[in-house]
Each structure stands twice: as structure tokens, then as C-alpha cells.
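Raw contents of coords10.txt, compact mmCIF, C-alpha atoms and all ligand atoms:
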```
# COMPACT_ATOMS: atom_id res chain seq x y z
CA MET A 1 9.85 -25.71 1.36
CA ASN A 2 6.14 -25.77 0.51
CA VAL A 3 5.31 -22.93 -1.85
CA LEU A 4 1.76 -21.62 -2.00
CA GLY A 5 0.42 -19.73 -5.00
CA ARG A 6 2.14 -21.98 -7.51
CA ASP A 7 0.05 -24.16 -9.78
CA ASP A 8 2.30 -27.17 -9.34
CA GLY A 9 2.60 -26.52 -5.58
CA GLY A 10 6.34 -26.52 -6.29
CA ASP A 11 8.98 -26.77 -3.61
CA GLY A 12 10.84 -23.64 -4.61
CA ALA A 13 13.81 -25.58 -5.89
CA SER A 14 15.44 -24.87 -9.19
CA ASP A 15 13.79 -26.62 -12.11
CA GLY A 16 17.00 -26.89 -14.04
CA GLU A 17 17.35 -23.14 -14.54
CA ASP A 18 20.32 -21.36 -13.02
CA ARG A 19 18.22 -19.56 -10.44
CA PRO A 20 15.38 -20.92 -8.35
CA PRO A 21 12.02 -19.27 -9.06
CA ALA A 22 11.44 -16.20 -6.90
CA MET A 23 9.69 -16.94 -3.62
CA VAL A 24 8.63 -15.28 -0.37
CA ARG A 25 9.58 -17.33 2.72
CA LEU A 26 6.57 -16.63 4.88
CA GLY A 27 7.17 -18.80 7.94
CA THR A 28 6.07 -22.25 9.02
CA PHE A 29 2.87 -24.22 8.97
CA LEU A 30 1.11 -24.05 12.31
CA ALA A 31 -0.03 -27.41 13.65
CA ARG A 32 -3.30 -27.78 15.58
CA ASP A 33 -1.39 -28.13 18.83
CA GLY A 34 0.33 -24.79 18.15
CA SER A 35 3.68 -26.32 17.21
CA ASP A 36 5.63 -25.26 14.12
CA GLY A 37 5.49 -27.47 11.04
CA ALA A 38 7.39 -27.36 7.76
CA ALA A 39 8.62 -24.14 6.20
CA VAL A 40 6.13 -22.43 3.91
CA GLY A 41 6.54 -19.79 1.24
CA ILE A 42 4.53 -17.88 -1.33
CA ASP A 43 5.37 -17.87 -5.01
CA ALA A 44 6.87 -14.63 -6.31
CA ASP A 45 7.85 -15.87 -9.73
CA SER A 46 4.45 -15.17 -11.23
CA PRO A 47 2.36 -12.11 -10.49
CA HIS A 48 -0.30 -12.33 -7.78
CA ALA A 49 -3.15 -10.38 -6.29
CA ALA A 50 -3.27 -10.89 -2.55
CA VAL A 51 -5.02 -9.51 0.51
CA VAL A 52 -3.79 -9.49 4.12
CA PHE A 53 -6.54 -9.12 6.70
CA GLY A 54 -6.50 -8.87 10.48
CA LYS A 55 -7.79 -6.75 13.30
CA ARG A 56 -5.47 -4.13 14.77
CA GLY A 57 -2.30 -5.47 16.26
CA THR A 58 -2.58 -8.99 14.84
CA GLY A 59 0.39 -8.56 12.49
CA LYS A 60 -0.79 -7.28 9.10
CA SER A 61 1.84 -4.59 8.62
CA TYR A 62 4.44 -6.95 10.05
CA THR A 63 3.46 -9.61 7.49
CA LEU A 64 3.61 -7.01 4.72
CA GLY A 65 7.12 -6.18 5.95
CA VAL A 66 8.11 -9.85 5.79
CA ILE A 67 6.85 -10.00 2.20
CA ALA A 68 8.82 -6.82 1.34
CA GLU A 69 12.01 -8.25 2.90
CA GLU A 70 11.66 -11.43 0.88
CA LEU A 71 10.90 -9.59 -2.35
CA ALA A 72 14.06 -7.54 -1.76
CA ASP A 73 15.99 -10.82 -2.03
CA ALA A 74 14.10 -12.18 -5.02
CA THR A 75 15.36 -11.66 -8.54
CA GLY A 76 13.38 -9.91 -11.25
CA VAL A 77 10.89 -8.14 -8.99
CA ALA A 78 10.55 -4.57 -7.69
CA PRO A 79 8.74 -4.11 -4.37
CA VAL A 80 7.02 -0.74 -3.82
CA VAL A 81 5.48 -0.20 -0.38
CA VAL A 82 2.65 2.27 0.19
CA ASP A 83 3.25 3.26 3.81
CA PRO A 84 0.48 5.52 5.22
CA MET A 85 1.68 5.15 8.82
CA GLY A 86 5.43 5.53 8.28
CA VAL A 87 6.25 2.08 9.69
CA PHE A 88 8.37 0.56 6.92
CA ASP A 89 11.56 2.62 7.21
CA GLY A 90 13.32 -0.41 8.73
CA LEU A 91 13.61 -1.72 5.17
CA THR A 92 16.47 0.74 4.65
CA GLU A 93 18.62 -1.78 6.56
CA ILE A 94 18.46 -4.10 3.57
CA GLY A 95 18.99 -1.47 0.89
CA GLY A 96 15.44 -0.12 0.73
CA ARG A 97 14.90 3.58 0.24
CA VAL A 98 12.23 5.76 1.75
CA VAL A 99 11.16 8.27 -0.87
CA GLU A 100 9.22 11.49 -0.69
CA PRO A 101 5.83 10.81 -2.22
CA VAL A 102 6.17 13.31 -5.06
CA ILE A 103 4.57 12.84 -8.47
CA ARG A 104 4.28 14.83 -11.68
CA PRO A 105 0.91 16.58 -12.15
CA ALA A 106 0.60 14.83 -15.53
CA GLU A 107 0.69 11.44 -13.77
CA VAL A 108 -2.87 12.11 -12.60
CA PRO A 109 -5.21 12.07 -15.63
CA ALA A 110 -6.95 15.34 -16.52
CA SER A 111 -10.35 13.71 -15.97
CA VAL A 112 -9.43 12.99 -12.33
CA TRP A 113 -8.20 16.47 -11.41
CA PRO A 114 -11.64 17.99 -10.64
CA ASP A 115 -12.48 15.16 -8.22
CA LEU A 116 -9.01 15.31 -6.71
CA VAL A 117 -9.34 18.95 -5.68
CA GLY A 118 -13.01 18.69 -4.74
CA LEU A 119 -14.64 20.19 -7.85
CA ASP A 120 -17.61 18.73 -9.68
CA PRO A 121 -16.34 17.79 -13.16
CA THR A 122 -19.70 18.76 -14.66
CA ASP A 123 -19.67 22.29 -13.18
CA GLY A 124 -17.93 25.33 -14.68
CA PRO A 125 -14.80 25.26 -12.50
CA GLY A 126 -14.45 21.46 -12.64
CA SER A 127 -14.76 21.28 -16.40
CA LEU A 128 -12.39 24.24 -16.82
CA LEU A 129 -9.75 22.48 -14.71
CA TRP A 130 -10.20 19.24 -16.66
CA ARG A 131 -9.76 21.11 -19.98
CA VAL A 132 -6.77 23.14 -18.80
CA VAL A 133 -4.93 20.06 -17.50
CA ALA A 134 -5.71 18.09 -20.68
CA ASP A 135 -4.42 20.94 -22.90
CA ALA A 136 -1.32 21.48 -20.77
CA VAL A 137 -0.42 17.79 -20.79
CA GLU A 138 -0.91 17.64 -24.55
CA THR A 139 1.29 20.69 -25.04
CA ALA A 140 3.95 19.21 -22.76
CA GLY A 141 4.23 16.33 -25.22
CA ASN A 142 4.37 12.60 -25.02
CA ASP A 143 7.82 12.14 -23.56
CA GLY A 144 6.66 12.30 -19.96
CA ASP A 145 7.05 16.07 -19.52
CA SER A 146 4.54 17.55 -17.16
CA PRO A 147 3.11 20.99 -16.55
CA SER A 148 3.70 22.41 -13.07
CA ILE A 149 0.81 23.46 -10.85
CA GLU A 150 2.02 27.03 -11.24
CA SER A 151 1.80 26.77 -15.02
CA LEU A 152 -1.69 25.27 -14.70
CA ARG A 153 -2.76 28.25 -12.58
CA TRP A 154 -1.34 30.60 -15.18
CA ALA A 155 -3.13 28.71 -17.97
CA VAL A 156 -6.39 29.07 -16.04
CA SER A 157 -5.88 32.83 -15.85
CA GLU A 158 -5.40 32.95 -19.61
CA THR A 159 -8.76 31.37 -20.41
CA ASP A 160 -11.83 33.40 -21.24
CA ALA A 161 -13.89 31.75 -18.50
CA PRO A 162 -15.77 34.09 -16.11
CA ASP A 163 -13.65 35.65 -13.35
CA ARG A 164 -15.36 33.71 -10.56
CA THR A 165 -14.79 30.41 -12.31
CA ARG A 166 -11.11 31.12 -12.91
CA ARG A 167 -10.65 32.27 -9.32
CA ALA A 168 -12.27 29.11 -7.99
CA VAL A 169 -10.03 26.87 -10.09
CA ARG A 170 -6.88 28.78 -9.15
CA ASN A 171 -7.77 28.48 -5.47
CA HIS A 172 -8.29 24.74 -5.76
CA LEU A 173 -4.97 24.40 -7.58
CA ARG A 174 -3.32 26.37 -4.80
CA LEU A 175 -4.78 23.86 -2.36
CA ALA A 176 -3.31 20.98 -4.39
CA GLU A 177 0.05 22.76 -4.43
CA SER A 178 -0.02 23.06 -0.64
CA TRP A 179 -0.09 19.26 -0.32
CA GLY A 180 3.52 19.21 -1.45
CA VAL A 181 3.15 16.04 -3.54
CA PHE A 182 3.26 17.61 -7.00
CA ASP A 183 6.46 18.53 -8.78
CA ALA A 184 6.78 18.71 -12.57
CA ALA A 185 10.45 17.75 -12.23
CA ALA A 186 9.85 14.68 -10.02
CA PRO A 187 11.30 11.39 -11.28
CA PRO A 188 8.61 9.36 -13.05
CA VAL A 189 6.82 6.84 -10.82
CA THR A 190 8.23 4.07 -12.98
CA SER A 191 11.65 4.87 -11.46
CA PHE A 192 10.38 3.15 -8.29
CA ALA A 193 10.53 -0.15 -10.16
CA ALA A 194 13.99 0.40 -11.62
CA SER A 195 15.77 -1.58 -8.93
CA GLY A 196 15.02 -4.65 -6.87
CA ASP A 197 15.49 -2.80 -3.58
CA PRO A 198 12.23 -1.93 -1.83
CA THR A 199 10.94 1.58 -2.40
CA VAL A 200 8.91 2.88 0.54
CA LEU A 201 6.48 5.70 -0.17
CA ASP A 202 6.14 7.37 3.21
CA LEU A 203 2.66 8.90 3.17
CA SER A 204 2.47 9.62 6.89
CA GLY A 205 1.17 13.14 7.40
CA VAL A 206 0.16 13.49 3.76
CA PRO A 207 -3.48 14.62 3.35
CA GLU A 208 -5.84 11.86 2.29
CA SER A 209 -6.62 13.27 -1.17
CA ALA A 210 -2.95 13.80 -1.91
CA ALA A 211 -2.05 10.29 -0.75
CA GLY A 212 -4.80 8.96 -3.02
CA ALA A 213 -3.34 10.87 -5.96
CA VAL A 214 0.12 9.42 -5.30
CA VAL A 215 -1.20 5.86 -5.04
CA ARG A 216 -3.25 6.30 -8.19
CA ALA A 217 -0.24 7.61 -10.11
CA VAL A 218 2.02 4.82 -8.88
CA ALA A 219 -0.48 1.99 -9.46
CA ARG A 220 -1.43 3.21 -12.91
CA GLY A 221 2.12 4.20 -13.85
CA LEU A 222 3.50 0.75 -13.02
CA TYR A 223 0.65 -0.96 -14.87
CA ASP A 224 1.07 1.19 -18.00
CA ALA A 225 4.85 0.75 -17.91
CA ARG A 226 4.51 -3.03 -17.94
CA VAL A 227 1.90 -2.88 -20.71
CA ASN A 228 4.23 -0.65 -22.78
CA GLY A 229 7.26 -2.74 -21.94
CA THR A 230 9.18 0.18 -20.38
CA VAL A 231 9.76 -1.56 -17.03
CA ASP A 232 11.64 -4.84 -17.01
CA ARG A 233 11.14 -6.02 -13.42
CA LEU A 234 7.80 -7.29 -12.19
CA PRO A 235 6.52 -4.66 -9.74
CA TRP A 236 4.86 -5.67 -6.46
CA LEU A 237 2.72 -2.93 -4.97
CA LEU A 238 2.27 -3.54 -1.23
CA VAL A 239 -0.50 -1.29 0.13
CA ASP A 240 -0.89 -0.97 3.90
CA GLU A 241 -4.19 0.40 5.26
CA ALA A 242 -5.59 -0.32 1.80
CA HIS A 243 -9.20 0.46 2.75
CA ALA A 244 -8.27 4.16 2.86
CA PHE A 245 -7.35 4.15 -0.83
CA PHE A 246 -10.46 2.45 -2.18
CA ASP A 247 -12.42 5.45 -1.02
CA GLY A 248 -10.96 8.07 -3.35
CA VAL A 249 -9.18 8.75 -6.62
CA ALA A 250 -6.87 5.72 -6.28
CA ASP A 251 -9.79 3.28 -6.45
CA PRO A 252 -9.92 2.67 -10.25
CA ALA A 253 -6.16 2.16 -10.50
CA LEU A 254 -6.12 -0.32 -7.62
CA ARG A 255 -9.08 -2.18 -9.11
CA THR A 256 -7.21 -2.36 -12.41
CA LEU A 257 -4.29 -4.04 -10.66
CA LEU A 258 -6.61 -6.45 -8.85
CA THR A 259 -8.51 -7.45 -11.95
CA ARG A 260 -5.97 -7.04 -14.77
CA GLY A 261 -2.59 -6.46 -13.18
CA ARG A 262 -1.36 -10.02 -13.47
CA ALA A 263 -1.50 -10.12 -17.27
CA PRO A 264 1.25 -7.48 -17.73
CA GLY A 265 3.04 -8.68 -14.57
CA VAL A 266 2.07 -6.29 -11.76
CA SER A 267 1.29 -7.80 -8.37
CA ILE A 268 -0.69 -6.14 -5.63
CA VAL A 269 -0.97 -6.97 -1.93
CA CYS A 270 -3.65 -5.05 -0.01
CA ALA A 271 -3.45 -5.12 3.79
CA THR A 272 -6.34 -3.89 5.92
CA GLN A 273 -7.98 -4.26 9.30
CA ARG A 274 -11.32 -3.58 7.64
CA PRO A 275 -11.90 -6.20 4.94
CA SER A 276 -15.53 -5.10 4.78
CA ALA A 277 -14.36 -1.68 3.56
CA LEU A 278 -12.59 -3.16 0.53
CA PRO A 279 -14.57 -3.65 -2.68
CA ALA A 280 -15.76 -7.19 -3.32
CA VAL A 281 -13.25 -7.53 -6.19
CA ALA A 282 -10.39 -7.32 -3.72
CA VAL A 283 -11.37 -10.68 -2.31
CA SER A 284 -12.90 -12.25 -5.41
CA GLN A 285 -9.89 -11.38 -7.61
CA SER A 286 -7.21 -12.30 -5.10
CA ASP A 287 -5.49 -15.61 -5.59
CA LEU A 288 -3.89 -15.48 -2.14
CA LEU A 289 -5.57 -14.46 1.08
CA VAL A 290 -3.69 -14.13 4.35
CA ALA A 291 -6.14 -13.72 7.24
CA HIS A 292 -4.94 -12.90 10.73
CA ARG A 293 -7.49 -12.75 13.54
CA LEU A 294 -10.73 -10.89 12.78
CA THR A 295 -13.60 -10.34 15.17
CA ALA A 296 -15.88 -7.60 13.82
CA GLY A 297 -19.02 -9.10 12.25
CA PRO A 298 -18.87 -7.39 8.82
CA ASP A 299 -15.15 -8.14 8.50
CA VAL A 300 -15.68 -11.79 9.30
CA ASP A 301 -18.51 -11.78 6.75
CA ALA A 302 -16.12 -10.41 4.11
CA LEU A 303 -14.15 -13.62 4.51
CA ALA A 304 -17.18 -15.57 3.36
CA ALA A 305 -16.59 -14.17 -0.14
CA ALA A 306 -13.35 -16.14 -0.15
CA GLU A 307 -15.02 -19.38 0.77
CA ALA A 308 -14.53 -21.07 -2.55
CA THR A 309 -16.07 -24.39 -3.29
CA TYR A 310 -12.86 -26.24 -2.52
CA LEU A 311 -12.92 -25.08 1.10
CA SER A 312 -15.02 -27.11 3.39
CA GLY A 313 -16.38 -25.43 6.48
CA ASP A 314 -16.33 -21.96 7.82
CA LEU A 315 -13.12 -19.98 7.23
CA ALA A 316 -13.74 -17.69 10.18
CA ALA A 317 -13.79 -20.67 12.53
CA ARG A 318 -10.36 -21.67 11.24
CA LEU A 319 -8.61 -18.34 11.84
CA PRO A 320 -5.68 -18.75 14.24
CA THR A 321 -5.80 -16.38 17.20
CA GLY A 322 -2.17 -15.60 18.02
CA VAL A 323 -0.28 -12.50 16.87
CA GLY A 324 1.65 -13.31 13.69
CA GLU A 325 -0.51 -16.35 12.99
CA ALA A 326 -2.72 -16.43 9.91
CA LEU A 327 -4.81 -18.60 7.69
CA VAL A 328 -3.47 -18.60 4.13
CA VAL A 329 -6.03 -19.43 1.45
CA ASP A 330 -4.37 -20.41 -1.81
CA ASP A 331 -6.36 -20.55 -5.03
CA ALA A 332 -3.62 -22.33 -6.95
CA SER A 333 -3.50 -25.38 -4.68
CA GLU A 334 -7.12 -24.89 -3.55
CA THR A 335 -6.12 -25.23 0.07
CA ALA A 336 -6.16 -23.24 3.30
CA HIS A 337 -3.36 -23.54 5.86
CA ALA A 338 -2.68 -22.08 9.28
CA VAL A 339 0.73 -20.42 9.20
CA ARG A 340 3.05 -18.74 11.70
CA VAL A 341 4.64 -15.77 9.94
CA ARG A 342 8.37 -15.63 10.55
CA GLU A 343 10.06 -12.85 12.50
CA ARG A 344 11.24 -9.75 10.66
CA ARG A 345 14.93 -9.32 10.05
CA THR A 346 14.57 -5.54 9.77
CA PRO A 347 12.99 -3.37 12.47
CA HIS A 348 9.22 -3.09 12.35
CA GLY A 349 8.02 0.43 13.01
CA GLY A 350 4.48 -0.38 14.03
CA GLU A 351 5.06 -1.26 17.67
CA ASN A 352 2.24 -0.05 19.87
CA PRO A 353 3.48 2.66 22.20
CA ARG A 354 3.68 1.52 25.83
CA ALA A 355 3.40 3.84 28.79
CA SER A 356 6.21 1.88 30.44
CA ASP A 357 8.58 2.83 27.58
CA THR A 358 8.12 6.57 28.05
CA GLU A 359 10.73 8.92 29.45
CA ALA A 360 8.26 9.69 32.23
CA ALA A 361 8.13 6.06 33.31
CA ARG A 362 11.91 5.75 33.20
CA THR A 363 12.80 8.96 35.03
CA GLY A 364 9.86 9.29 37.39
CA ARG A 365 6.88 11.57 37.04
CA SER A 366 7.96 14.25 39.50
CA THR A 367 10.93 15.38 37.37
CA GLU A 368 8.73 16.03 34.38
CA ARG A 369 6.16 17.94 36.41
CA ALA A 370 8.81 20.20 37.85
CA GLU A 371 9.76 21.29 34.32
CA GLN A 372 6.18 21.97 33.24
CA PRO A 373 4.63 25.24 34.37
CA THR A 374 1.12 24.91 35.70
CA ARG A 375 -1.73 26.64 33.92
CA ALA A 376 -1.77 29.28 36.68
CA GLU A 377 1.98 29.85 36.29
CA ARG A 378 1.57 30.21 32.54
CA SER A 379 -1.19 32.76 32.92
CA ARG A 380 1.04 34.74 35.31
CA GLY A 381 3.49 34.89 32.41
CA ARG A 382 6.12 32.63 33.91
N1 LIG B 401 5.02 -12.73 12.74
C1 LIG B 401 5.29 -12.08 13.87
N2 LIG B 401 6.28 -12.50 14.66
C2 LIG B 401 6.57 -11.83 15.81
N3 LIG B 401 5.90 -10.73 16.23
C3 LIG B 401 4.91 -10.27 15.48
C4 LIG B 401 4.54 -10.91 14.26
N4 LIG B 401 3.52 -10.23 13.72
C5 LIG B 401 3.26 -9.23 14.56
N5 LIG B 401 4.09 -9.23 15.60
C6 LIG B 401 4.07 -8.29 16.74
O1 LIG B 401 2.78 -7.71 16.81
C7 LIG B 401 2.86 -6.30 16.72
C8 LIG B 401 1.69 -5.75 15.92
O2 LIG B 401 1.85 -6.10 14.56
P1 LIG B 401 1.45 -5.07 13.41
O3 LIG B 401 2.00 -3.73 13.68
O4 LIG B 401 1.78 -5.71 12.14
O5 LIG B 401 -0.10 -5.03 13.62
P2 LIG B 401 -1.19 -4.59 12.59
O6 LIG B 401 -2.12 -5.74 12.47
O7 LIG B 401 -0.60 -4.06 11.36
O8 LIG B 401 -1.88 -3.46 13.44
P3 LIG B 401 -2.35 -2.00 12.96
O9 LIG B 401 -3.66 -2.20 12.31
O10 LIG B 401 -2.43 -1.28 14.28
O11 LIG B 401 -1.30 -1.45 12.06
C9 LIG B 401 4.21 -6.03 16.08
O12 LIG B 401 4.72 -4.79 16.48
C10 LIG B 401 5.07 -7.18 16.55
O13 LIG B 401 5.61 -6.86 17.81
```
Can you give me the file's structure in the form of C-alpha cells?
Ligand SMILES: Nc1ncnc2c1ncn2[C@@H]1O[C@H](COP(=O)(O)OP(=O)(O)OP(=O)(O)O)[C@@H](O)[C@H]1O
Amino acid sequence: MNVLGRDDGGDGASDGEDRPPAMVRLGTFLARDGSDGAAVGIDADSPHAAVVFGKRGTGKSYTLGVIAEELADATGVAPVVVDPMGVFDGLTEIGGRVVEPVIRPAEVPASVWPDLVGLDPTDGPGSLLWRVVADAVETAGNDGDSPSIESLRWAVSETDAPDRTRRAVRNHLRLAESWGVFDAAAPPVTSFAASGDPTVLDLSGVPESAAGAVVRAVARGLYDARVNGTVDRLPWLLVDEAHAFFDGVADPALRTLLTRGRAPGVSIVCATQRPSALPAVAVSQSDLLVAHRLTAGPDVDALAAAEATYLSGDLAARLPTGVGEALVVDDASETAHAVRVRERRTPHGGENPRASDTEAARTGRSTERAEQPTRAERSRGR
């Protein structure tokens, strides 16, 4: 097995230790004539920052799923999947768990709260919220206790700020409460890295700001836990539709993982169909790049940032075109290889819906129409 991402380009075999170093079996090398070559994997023994690019339907989420399946088998790691489209629940077949994306209010820093709920931190309401959260978190203590949103609202009422300011802050807190992602009694985000089974954070249907808050809390929480030595396993944060999270409150935490995550042992894999919407650091800091087919001009241009000196020629011209095929650029071995990503062993939830799979197509259109009242029938009160 050829293993990319490893300085010695190792073969994945044991080096005398009891267990072979952790590895992700990605698939096979893809020869120029389209035939399959030798098996190829990605190192998972050391932490990595990686990006997975590709236009819609080329296999990004599928590839992320393959990586999650492999990490589930590896020792010493803890895969956490950020799933904005709800397509990773198939991982439950190999012991994964889909969790409600619920975090403690204290897991979002006080300084971020104004932005999170749409208040200007330099205005009266924004600065009041910042202060109230900071005080409440301090009062709750250092052992991870968190104030509830309700207690924050109460604390706002107790301040001597003008009525209008207090009302505005309470209303914004009510909005945050309605997202359903905050619970003072939620398990800490570090619990997601307690086991080696994949944890899937199902963010489908969660409002964008709330999803950003969850991703921020998880990314930062895992990073801090490794820095403090409170999490033993090496977390891998797999972020699908990553461009959506670099646009809001999760951005600094994701950048921290990209630029500094490897030192304490946190890996990040960002998948997106819009590489041009990721910050430049996502490409420049990644040591592994998996590029499925891209066609949009700015997205192809974003690849240019990855064209390190060791790569001769134009990366875009080397992108394979088939679904599930990708070019893997590996900083460690300073090489780029066309790869065919292996098939999933758990169901992939991202299949495009087909008209031919619908009940209507199977049973015939007339049946369905007979059951549906026409607009005229509805207006006659049928
Ligand atoms: N390695 C692969 N082997 C076999 N089939 C694959 C592979 N990769 C992708 N596919 C097929 O292609 C389909 C689309 O893949 P996927 O859902 O990952 O696309 P995507 O690039 O994430 O698209 P989107 O941006 O819409 O989420 C999958 O449902 C699967 O049927």
C-alpha cells in the first residue's frame, strides 16, 4: 500500500510496533488509460490539514465518508463529521452516532455572542450582551459549567442599562434560544472525541448562524482540549460544505485548526464545491489536497495556490473527470497522483434524487392526481 501524507512515503506496514500506523485506505491509483493501479492510502498517524474539492456530484461528500469510515477503523483517532446536509447517517452502520448539534452557551466566547445574534459589539446592546455573558461564564466557574440562555436573559434584566437596550438584548437572546442548539446541560463538545466511533453532527435544517456557533464551539473545544491534554485521541474534524462556515462565527476557529491544529494533534478536512470561497490559508496550510473535477473559473484558479514548486505543469489540466476520481496533491512526498476513491461500505446519503425513483413514476401519475383535489375543488371546500 502506498501511503500519502507520510514523510517517508511509508507503506503502512508495522515498523516493529504492535500496531501498524493509522491509515486511511483511499482507493487505487488511476492509470492514464483509466485502469486501476496499486492501492493508495493517506496517513492518519500524524495530524493533517486537508481539503477536498470538486464540483457538485463529483464525489466530495462520498470521499469524506470514505475517510470517516477508515478513521473509524484506525486506532487513536476520533472522527467528528460536520454534516450540513444530513448525508452521513450511514456511518451508524459501523458504530457511528448521529448527535443533536447542541452546545453549552459558554462554549461560544462572550466576545462572539454579539456577532452571533446580529448585534454590533460596539453598540449598547452588543456590548451589554458581551459583558453579561462574560460575567455569567465567570460566575459559573472554571469547571465547564455554563449559564443557560434563560439565565442570561434574566441577568440582562437585572442590569441598569436603559430599558430599550435591555429589551433589544433579551429579544436577540430569545432568537438564539429558538435555534434549539443551546443547552447549559449539554455534554461538553470534547465528549465527541471520547471514542473512536465517528460522531456525526447533523446540522441539516439548523439556521446558518446556529450551525456556525456549533462548528466554532466544536473546532475550538477540540483544539483547546488537546492543548490542555484533556482529550487523549487525536480528533479529525471533517467539514462538509466548508465554504459555508468560513463566512461566519466559525471562521477563526477553523483557521486556527488549519494553521495551528497539527501541533496539538487536531486534523481538519474541509470539503467544498467552491474552493474560491475558502480563505487562501485553507489551501496554503493544507498538506493534502484531494481535487475532484472542477470547472468554474475562480474555483480552478484556487487550485493554482496549491501549485507548489515541486509540481510541474498545470494542476487543473491534470484533474481526472470521472465521478469518484481525484487528483491527490501530497506535500510530504511532493507529488500529485490521480486516484480512484474506493466504494463506500456504508450507505451514502447524498444520492441525487431521480424522478424515476419517485412513487409517482412507480405507480403511474393518474393515481396520484386522483388523490389530489384540484385548486377549484379546494376552493369549493372539498
Ligand atoms: N468513489 C466513488 N465510487 C462510487 N461512486 C461514487 C464515488 N464518489 C461518488 N460516487 C457517486 O456519485 C454521487 C455523488 O457524490 P457526492 O454526493 O459525494 O457528490 P458531491 O460532490 O458531494 O456533491 P454535492 O456538492 O451535491 O454534495 C454519489 O451519490 C455516488 O453515487
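If you measure from each of A:Leu119, A:Ala74, A:Ala22, A:Val290 to ligand LIG 401 (chain B) using only C-alpha atoms and all ligand atoms, the closest one turns out to be A:Val290.
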**OP:** Name each residue within 9 Å of ligand LIG 401 (chain B), counting all atoms listed in the file, as number ranges by chain.
**Re:** A: 26-27, 53-66, 85, 87, 240-241, 271-273, 292-293, 322-325, 340-344, 348-352
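Our summary of the geometry notes that atom CA of A:Ala253 is positioned 26.2 Å from atom CA of A:Glu150.
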**OP:** Do a neighbour search on A:Thr256 at 10 Å with only C-alpha atoms, toss out local chain neighbours closer than 6 positions, and write the hits as a list in words.
**Re:** Ala219, Arg220, Tyr223 and Arg262 of chain A
Subject >> Neighbour list for A:Leu128 as a list in words, cut-off 10 Å, only C-alpha atoms, skip fewer than 3 positions in-chain >> reply: Pro114, Pro121, Thr122, Asp123, Gly124, Pro125, Arg131, Val132, Val133, Ala134, Val156, Thr159, Ala161, Thr165, Arg166 and Val169 of chain A
Original post:
Around (-11.5, 1.5, 6.1) in the file's own coordinates, what residues are found within 6 Å if you use only C-alpha atoms, given back as a ChimeraX atom specification?
Top reply: /A:243-244,274,277
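If you look at atom CA of A:Leu30 and atom CA of A:Pro320, they are 8.8 Å away from each other.
For the pair atom CA of A:Asp7 and atom CA of A:Asn228, the separation is 27.2 Å.
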**OP:** Find, counting only C-alpha atoms, the residue in A:Leu254, A:Ala317, A:Val77, A:Ala39 that gets nearest to A:Val339.
**Re:** A:Ala39
Taking a cut-off of 10 Å and counting all atoms listed in the file, can you build a table that, for each residue of stretch 219-260 of chain A near stretch 198-205 of chain A, reports the nearest atom pair and how far apart they are in Å (one decimal), sorted by chain then residue number, as CSV?
```
residue,atom,partner,partner_atom,distance
A:Trp236,CA,A:Pro198,CA,9.5
A:Leu237,CA,A:Thr199,CA,9.7
A:Leu238,CA,A:Val200,CA,9.4
A:Val239,CA,A:Leu201,CA,9.9
```
Give me a file of those residues, with C-alpha atoms, as a PDB file, in the frame of the given file.
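Result file part15.pdb:
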```pdb
ATOM      1  CA  TRP A 236       4.860  -5.670  -6.460  1.00  0.00           C
ATOM      2  CA  LEU A 237       2.720  -2.930  -4.970  1.00  0.00           C
ATOM      3  CA  LEU A 238       2.270  -3.540  -1.230  1.00  0.00           C
ATOM      4  CA  VAL A 239      -0.500  -1.290   0.130  1.00  0.00           C
TER       5      VAL A 239
END
```
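The smallest atom-to-atom distance between A:Leu319 and any of A:Ala68, A:Trp154, A:Arg32, A:Pro264, using all atoms listed in the file, is found for A:Arg32.
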Original post:
Can you list, as a PyMOL selection string, every protein, DNA or RNA residue that comes within 12 Å of A:Leu222 when you count all atoms listed in the file, leaving out same-chain residues fewer than 3 positions away?
Top reply: chain A and resi 78-80+107+188-194+215-219+225-237+253-254+256-257+261-262+264-268
Hey, what's within 8 Å of A:Val108 if we count only C-alpha atoms and toss same-chain stuff fewer than 2 positions away? As a short mmCIF file (atom, residue, chain, number, x, y, z; two decimals) with C-alpha atoms, in the frame of the given file, please?
```cif
data_model
loop_
_atom_site.label_atom_id
_atom_site.label_comp_id
_atom_site.auth_asym_id
_atom_site.auth_seq_id
_atom_site.Cartn_x
_atom_site.Cartn_y
_atom_site.Cartn_z
CA ARG A 104 4.28 14.83 -11.68
CA PRO A 105 0.91 16.58 -12.15
CA ALA A 106 0.60 14.83 -15.53
CA ALA A 110 -6.95 15.34 -16.52
CA VAL A 112 -9.43 12.99 -12.33
CA TRP A 113 -8.20 16.47 -11.41
CA ALA A 213 -3.34 10.87 -5.96
CA ARG A 216 -3.25 6.30 -8.19
CA ALA A 217 -0.24 7.61 -10.11
#
```
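Distance annotation: of A:Ala242, A:Glu208, A:Ser195, A:Val214, the residue with the minimal separation from A:Arg97 is A:Ser195; atom set is only C-alpha atoms.
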Taking all listed atoms of stretch 157-161 of chain A, build the axis-aligned box, pad each of the six sides by 8 Å, then write its centre and edge lengths in Å to one decimal as JSON.
```
{"center_x": -9.6, "center_y": 32.4, "center_z": -18.5, "size_x": 24.5, "size_y": 18.0, "size_z": 21.4}
```
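Shortest atom-to-atom contact with A:Leu258 among A:Val283, A:Ala336, A:Ile103, A:Val206: A:Val283, counting all atoms listed in the file.
For the choices A:Leu315, A:Gln285, A:Ser333, A:Phe245, the atom-to-atom distance to A:Val51 is smallest for A:Gln285 when using all atoms listed in the file.
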**OP:** Find the residues near A:Leu289: any atom within 8 Å, counting only C-alpha atoms, skip ones fewer than 3 places away on the same chain, and give them as a list in words.
**Re:** Ala50, Val51, Val52, Phe53, Val283, Ser286, Leu327, Val328, Val329 and Asp330 of chain A
